[in-house]
Amino acid sequence: MSELLTADFMLKNETGKMLYHKYAAKMPIYDYHCHVSPQEIWEDKAYENITQAWLYGDHYKWRLMRAMGFDESYITGGQSDYDRFLAFAKTVSYCIGNPMYHWTHMELKTYFGINEELNEESAPAIWEKANAILQGGLTVRKIIEQSNVAVVCTTDDPADSLIYHQKIKEEGKMKTKVLPTFRPEKAMNPTKEYLETLSEASGIKITNFVTLMQALDNRMDYFHENGCRISDHSFGDIPFRKASLHELNIMVSFVLRGGELGKRQKQALQTMMMLHLGRGYAKRGWAMQLHIAALRNNNTRKFNELGADKGFDSIDDGLFARPLSHLLDALAMTDELPKTILYSLNPRDNYMLATMIGNFQGGMPGKMQLGSGWWFNDQRDGMEEQMRALANLGMLSRFVGMLTDSRSFLSYTRHDYFRRIMCNLIGKWVEEGEYPHNEARLGQIVQDICYNNAEAYFNL
C-alpha cells in the first residue's frame with residue numbers, strides 16, 4: 001500500500017514546509033494541561049495490547065463507535081480487547097474528515113512504525129505488530145521520552161497527596177518534569193463528604209467559609225512546594241454573584257449538614273471562592289485556566305449506568321461575557337489578576353474571548369491568553385479559527401501553544417498535528433504577501449509558539 005502519511009502531511013505551501021521541518025518539528029513538547037495519571041508515570045505502566053492504550057478511557061473514540069452503531073460492550077467494556085479493537089478499526093476507516101482518522105494514523109506511524117490504513121482488512125496484522133512493540137518495552141515513560149516531552153502538568157484535586165509526583169522527583173530518573181495542576185472543582189461544588197476530605201488533607205477543620213478558604217490556602221501552599229504553578233477551573237458558564245461573609249458562612253454550614261445549595265447560592269459561593277483563589281494564584285505567580293462552555297452528562301440514563309466522562313458531553317451555548325468581565329475586573333481592580341488562559345468549548349466565543357483578554361493585558365508578554373482549540377475544537381478548523389481570531393485581535397506570536405488535554409499517553413502526536421497546521425497557516429499568510437518572508441523572525445515566532453512562550457509564561 002502507498003505511504004499514508006507523508007513528510008509534508010497537512011503542509012500545503014513551501015514556506016509552511018520550511019517552517020515546520022526546520023523550526024517546529026524539533027522543538028520539545030510543553031504539555032501544560034492533560035489528564036494522564038501520575039501514578040501510571042511513576043509505575044511506568046506497560047500495556048498488553050493496543051486496545052488498552054487506545055480504547056480504555058478515550059471518549060473521543062467511544063462517541064464515534066456509538067455513531068457506527070456498536071453495542072456498548074465494544075466501547076466501554078465487556079467484549080474482548082481484540083474484538084473491541086476490530087470494532088474501532090472498522091469505525092476509523094469511515095472517519096473521513098474527522099481528526100480521529102489523522103490522530104490514529106499519526107500514532108500508528110510515530111510509535112509503532114506502521115504507515116498503512118487501519119481498517120477491517122488490515123486490523124489483524126496491525127494488532128500483532130502494535131502489540132509486539134508494546135510488549136517489547138514501549139512503556140509510558142518510553143512514550144514520553146520518545147515524544148520529546150519536557151514538561152507534563154497533570155490535573156489534581158486539592159486534597160491529593162501528590163505522592164506520585166514526589167516519587168518521580170525523588171527518583172530523579174526522568175528528564176521530563178511531571179508537575180501537578182491545582183483543580184478545585186470539587187471544592188467549588190462542595191458536598192459534606194468532600195469538605196471532610198479537604199479538612200483531613202489540610203489539617204484545618206472546615207466549619208464555615210473562612211476556614212474553607214484557609215484549607216484551600218493551605219493546599220495551594222502544599223501544591224506550590226511540589227512544583228505547581230498552574231490552576232484549572234471548569235465551568236458551564238461563569239458565575240458572578242457577590243455575597244456577604246455572613247451569607248457565605250451560612251452556605252458552608254448548610255453543606256456541612258448535608259444540604260445541597262440552590263443555583264443562586266452556588267453562584268454566589270463560586271464567585272467569592274474564585275475571587276479568593278484568583279488573588280491566591282496572583283500572589284504565588286501561578287497561571288489560572290478557565291475552561292468554559294462544556295455541557296456535561298447530557299444522557300441521564302448513560303450517566304447512571306457508566307458515570308461521568310464517558311462521552312456524553314457537548315458544547316454549551318450560554319452567554320457569559322458580562323460575568324467573565326466582572327470577575328476579571330474585580331481581580332484587576334486591586335492588581336490581583338493572575339496570568340489567565342481563557343478557553344471556550346464553543347467556537348462562537350473566540351472573538352469575544354480574544355477581545356476580552358485585550359482588556360487586561362500588561363506587565364508581561366501575553367499575560368492574558370486565548371486558549372488553544374480545546375476538546376471538540378482540537379482539529380484543523382478549530383485550531384485555525386482560534387489562531388485567526390487571536391491574530392486578528394491580539395498577538396498570535398505571544399500564544400503559549402498547544403496542549404493534549406488527553407488521558408492517553410499516545411496523544412502527544414497532537415502537538416505535531418498542531419504544529420503542522422500552524423506552520424501551514426503562517427506559510428499561507430507569507431506566500432499571499434500578508435507578512436514578509438523574514439525567515440529568522442518567522443522561525444522565532446514558530447518556535448516560540450511551539451515551546452518558548454509556554455516555558456517563559458509558566459516559569460516552571
# chains A, B, ... in the order shown; residues from 1 in each chain; ligands from 1
call {"tool": "residues_around", "arguments": {"residues": "A:Asn392", "least_positions_apart": "3", "cutoff": "10 Å", "atoms": "only C-alpha atoms", "output": "PyMOL selection string"}}
result
chain A and resi 351+354-355+386-389+395-396
call {"tool": "write_last_selection", "arguments": {"atoms": "N, CA and C atoms", "output": "compact mmCIF listing (two decimals), in the first residue's frame"}}
result
# COMPACT_ATOMS: atom_id res chain seq x y z
N TYR A 351 -14.02 35.28 19.24
CA TYR A 351 -13.82 36.72 19.12
C TYR A 351 -14.12 37.44 20.44
N ALA A 354 -11.10 36.73 22.60
CA ALA A 354 -9.91 37.39 22.08
C ALA A 354 -9.93 38.89 22.37
N THR A 355 -11.11 39.49 22.38
CA THR A 355 -11.19 40.90 22.76
C THR A 355 -11.18 41.07 24.28
N GLN A 386 -9.21 29.50 16.03
CA GLN A 386 -8.65 30.10 17.25
C GLN A 386 -7.45 30.96 16.93
N MET A 387 -6.55 30.48 16.07
CA MET A 387 -5.36 31.26 15.73
C MET A 387 -5.70 32.50 14.90
N ARG A 388 -6.67 32.39 14.01
CA ARG A 388 -7.07 33.55 13.23
C ARG A 388 -7.69 34.62 14.13
N ALA A 389 -8.52 34.20 15.07
CA ALA A 389 -9.13 35.17 15.99
C ALA A 389 -8.07 35.86 16.81
N MET A 395 -2.21 39.01 19.75
CA MET A 395 -0.82 38.70 19.39
C MET A 395 -0.63 37.19 19.31
N LEU A 396 -0.79 36.65 18.12
CA LEU A 396 -0.56 35.22 17.92
C LEU A 396 0.87 34.86 18.29
call {"tool": "select_by_dssp", "arguments": {"residues": "stretch 365-396 of chain A", "states": "helix (DSSP H, G or I)", "output": "number ranges by chain"}}
result
A: 375-377, 380-393, 396
call {"tool": "residues_around", "arguments": {"residues": "stretch 171-177 of chain A", "least_positions_apart": "6", "cutoff": "7 Å", "atoms": "only C-alpha atoms", "output": "PyMOL selection string"}}
result
chain A and resi 149-152
call {"tool": "write_last_selection", "arguments": {"atoms": "N, CA and C atoms", "output": "CSV table (one decimal), in the first residue's frame"}}
result
chain,number,residue,atom,x,y,z
A,149,VAL,N,9.1,15.1,25.4
A,149,VAL,CA,8.2,15.9,26.2
A,149,VAL,C,9.1,16.5,27.4
A,150,ALA,N,9.1,17.8,27.5
A,150,ALA,CA,9.9,18.5,28.5
A,150,ALA,C,9.1,18.6,29.8
A,151,VAL,N,7.8,18.9,29.7
A,151,VAL,CA,7.0,19.1,30.9
A,151,VAL,C,5.6,18.4,30.7
A,152,VAL,N,5.2,17.8,31.8
A,152,VAL,CA,3.8,17.3,31.8
A,152,VAL,C,3.2,17.8,33.1
call {"tool": "residues_around", "arguments": {"residues": "A:Lys186", "least_positions_apart": "4", "cutoff": "9 Å", "atoms": "only C-alpha atoms", "output": "JSON, numbers by chain"}}
result
{"A": [157, 158, 190, 191, 194, 195]}
call {"tool": "select_by_dssp", "arguments": {"residues": "stretch 268-337 of chain A", "states": "strand (DSSP E or B)", "output": "list in words"}}
result
Ala287, Met288, Gln289, Leu290, His291, Ile292, Ala294, Leu295, Ser314 and Ile315 of chain A
call {"tool": "atom_distance", "arguments": {"atom1": "atom CA of A:Gly433", "atom2": "atom CA of A:Thr15"}}
result
11.8 Å
call {"tool": "residues_around", "arguments": {"residues": "A:Arg66", "least_positions_apart": "5", "cutoff": "10 Å", "atoms": "only C-alpha atoms", "output": "PyMOL selection string"}}
result
chain A and resi 61+71-72+74-75+91+311
call {"tool": "closest_residue", "arguments": {"among": "A:Pro239, A:Gly443, A:Gly69, A:Pro99", "to": "A:Arg414", "atoms": "only C-alpha atoms"}}
result
A:Pro99
call {"tool": "decode", "arguments": {"residues": "stretch 180-297 of chain A", "atoms": "C-alpha atoms", "output": "mmCIF file, in the first residue's frame"}}
result
data_model
loop_
_atom_site.group_PDB
_atom_site.id
_atom_site.type_symbol
_atom_site.label_atom_id
_atom_site.label_comp_id
_atom_site.auth_asym_id
_atom_site.auth_seq_id
_atom_site.Cartn_x
_atom_site.Cartn_y
_atom_site.Cartn_z
ATOM 1 C CA PRO A 180 0.681 18.928 39.452
ATOM 2 C CA THR A 181 -2.064 21.367 38.487
ATOM 3 C CA PHE A 182 -4.452 22.687 41.137
ATOM 4 C CA ARG A 183 -8.050 21.911 40.071
ATOM 5 C CA PRO A 184 -10.506 22.734 42.888
ATOM 6 C CA GLU A 185 -13.637 21.653 41.018
ATOM 7 C CA LYS A 186 -14.972 19.542 43.901
ATOM 8 C CA ALA A 187 -14.337 22.395 46.331
ATOM 9 C CA MET A 188 -16.263 24.746 44.036
ATOM 10 C CA ASN A 189 -19.207 22.301 44.079
ATOM 11 C CA PRO A 190 -18.883 21.137 47.674
ATOM 12 C CA THR A 191 -20.525 18.233 49.404
ATOM 13 C CA LYS A 192 -20.321 17.320 53.080
ATOM 14 C CA GLU A 193 -18.119 14.338 52.221
ATOM 15 C CA TYR A 194 -15.682 16.371 50.155
ATOM 16 C CA LEU A 195 -15.325 19.118 52.774
ATOM 17 C CA GLU A 196 -14.474 16.444 55.321
ATOM 18 C CA THR A 197 -11.830 15.057 52.931
ATOM 19 C CA LEU A 198 -10.372 18.529 52.398
ATOM 20 C CA SER A 199 -10.341 19.133 56.154
ATOM 21 C CA GLU A 200 -8.319 15.984 56.678
ATOM 22 C CA ALA A 201 -5.862 16.787 53.867
ATOM 23 C CA SER A 202 -5.257 20.356 55.059
ATOM 24 C CA GLY A 203 -5.336 19.722 58.785
ATOM 25 C CA ILE A 204 -7.837 22.585 59.116
ATOM 26 C CA LYS A 205 -11.330 21.799 60.370
ATOM 27 C CA ILE A 206 -13.764 23.389 57.939
ATOM 28 C CA THR A 207 -16.726 24.900 59.747
ATOM 29 C CA ASN A 208 -17.516 27.970 57.619
ATOM 30 C CA PHE A 209 -16.381 29.942 54.554
ATOM 31 C CA VAL A 210 -13.348 31.416 56.316
ATOM 32 C CA THR A 211 -11.961 28.020 57.311
ATOM 33 C CA LEU A 212 -12.768 26.635 53.842
ATOM 34 C CA MET A 213 -10.577 29.347 52.315
ATOM 35 C CA GLN A 214 -7.874 28.656 54.897
ATOM 36 C CA ALA A 215 -7.917 24.991 53.932
ATOM 37 C CA LEU A 216 -7.578 25.848 50.219
ATOM 38 C CA ASP A 217 -4.761 28.298 51.013
ATOM 39 C CA ASN A 218 -3.009 25.512 52.884
ATOM 40 C CA ARG A 219 -3.335 23.201 49.891
ATOM 41 C CA MET A 220 -2.150 25.894 47.475
ATOM 42 C CA ASP A 221 0.986 26.252 49.570
ATOM 43 C CA TYR A 222 1.447 22.476 49.534
ATOM 44 C CA PHE A 223 0.987 22.293 45.760
ATOM 45 C CA HIS A 224 3.412 25.201 45.309
ATOM 46 C CA GLU A 225 6.048 23.359 47.347
ATOM 47 C CA ASN A 226 5.560 20.425 44.980
ATOM 48 C CA GLY A 227 6.200 22.470 41.844
ATOM 49 C CA CYS A 228 2.649 23.516 40.922
ATOM 50 C CA ARG A 229 2.375 26.839 39.104
ATOM 51 C CA ILE A 230 -0.932 26.355 37.274
ATOM 52 C CA SER A 231 -4.574 26.138 38.333
ATOM 53 C CA ASP A 232 -7.549 24.945 36.328
ATOM 54 C CA HIS A 233 -11.287 25.551 36.567
ATOM 55 C CA SER A 234 -14.172 24.148 34.552
ATOM 56 C CA PHE A 235 -17.477 25.998 34.186
ATOM 57 C CA GLY A 236 -20.602 25.607 32.115
ATOM 58 C CA ASP A 237 -20.849 29.375 32.355
ATOM 59 C CA ILE A 238 -19.106 31.919 34.548
ATOM 60 C CA PRO A 239 -20.725 32.835 37.878
ATOM 61 C CA PHE A 240 -20.657 36.367 39.225
ATOM 62 C CA ARG A 241 -22.944 36.960 42.172
ATOM 63 C CA LYS A 242 -21.440 38.523 45.271
ATOM 64 C CA ALA A 243 -22.440 37.604 48.822
ATOM 65 C CA SER A 244 -21.593 38.754 52.337
ATOM 66 C CA LEU A 245 -19.341 36.744 54.614
ATOM 67 C CA HIS A 246 -22.355 36.020 56.814
ATOM 68 C CA GLU A 247 -24.238 34.555 53.864
ATOM 69 C CA LEU A 248 -21.226 32.504 52.780
ATOM 70 C CA ASN A 249 -20.751 31.079 56.269
ATOM 71 C CA ILE A 250 -24.409 30.014 56.316
ATOM 72 C CA MET A 251 -23.994 28.290 52.920
ATOM 73 C CA VAL A 252 -20.931 26.311 54.001
ATOM 74 C CA SER A 253 -22.573 25.330 57.292
ATOM 75 C CA PHE A 254 -25.617 24.153 55.336
ATOM 76 C CA VAL A 255 -23.436 21.958 53.096
ATOM 77 C CA LEU A 256 -21.674 20.542 56.154
ATOM 78 C CA ARG A 257 -25.070 19.422 57.435
ATOM 79 C CA GLY A 258 -25.626 17.505 54.218
ATOM 80 C CA GLY A 259 -27.583 20.192 52.374
ATOM 81 C CA GLU A 260 -27.451 20.958 48.667
ATOM 82 C CA LEU A 261 -27.182 24.573 47.552
ATOM 83 C CA GLY A 262 -29.589 26.122 45.087
ATOM 84 C CA LYS A 263 -28.422 27.711 41.833
ATOM 85 C CA ARG A 264 -28.190 31.287 43.138
ATOM 86 C CA GLN A 265 -26.417 30.187 46.317
ATOM 87 C CA LYS A 266 -23.949 28.095 44.332
ATOM 88 C CA GLN A 267 -23.217 31.023 42.009
ATOM 89 C CA ALA A 268 -22.540 33.287 44.972
ATOM 90 C CA LEU A 269 -20.290 30.765 46.697
ATOM 91 C CA GLN A 270 -18.349 30.082 43.498
ATOM 92 C CA THR A 271 -17.943 33.793 42.781
ATOM 93 C CA MET A 272 -16.456 34.565 46.164
ATOM 94 C CA MET A 273 -14.280 31.451 46.030
ATOM 95 C CA MET A 274 -12.962 32.450 42.597
ATOM 96 C CA LEU A 275 -12.084 35.927 43.842
ATOM 97 C CA HIS A 276 -10.215 34.473 46.811
ATOM 98 C CA LEU A 277 -8.448 31.827 44.736
ATOM 99 C CA GLY A 278 -7.565 34.275 41.952
ATOM 100 C CA ARG A 279 -5.831 36.504 44.463
ATOM 101 C CA GLY A 280 -4.017 33.464 45.811
ATOM 102 C CA TYR A 281 -2.856 32.491 42.333
ATOM 103 C CA ALA A 282 -1.587 36.010 41.651
ATOM 104 C CA LYS A 283 0.260 36.078 44.969
ATOM 105 C CA ARG A 284 2.050 32.831 44.112
ATOM 106 C CA GLY A 285 2.773 33.724 40.471
ATOM 107 C CA TRP A 286 0.501 30.977 39.138
ATOM 108 C CA ALA A 287 -1.416 30.896 35.873
ATOM 109 C CA MET A 288 -5.192 30.467 36.050
ATOM 110 C CA GLN A 289 -7.002 28.437 33.393
ATOM 111 C CA LEU A 290 -10.750 28.849 32.884
ATOM 112 C CA HIS A 291 -12.377 26.168 30.725
ATOM 113 C CA ILE A 292 -15.889 27.353 29.872
ATOM 114 C CA ALA A 293 -18.993 26.178 27.984
ATOM 115 C CA ALA A 294 -18.992 22.408 28.417
ATOM 116 C CA LEU A 295 -22.488 20.949 28.832
ATOM 117 C CA ARG A 296 -21.823 17.734 30.718
ATOM 118 C CA ASN A 297 -23.629 14.440 31.350
#
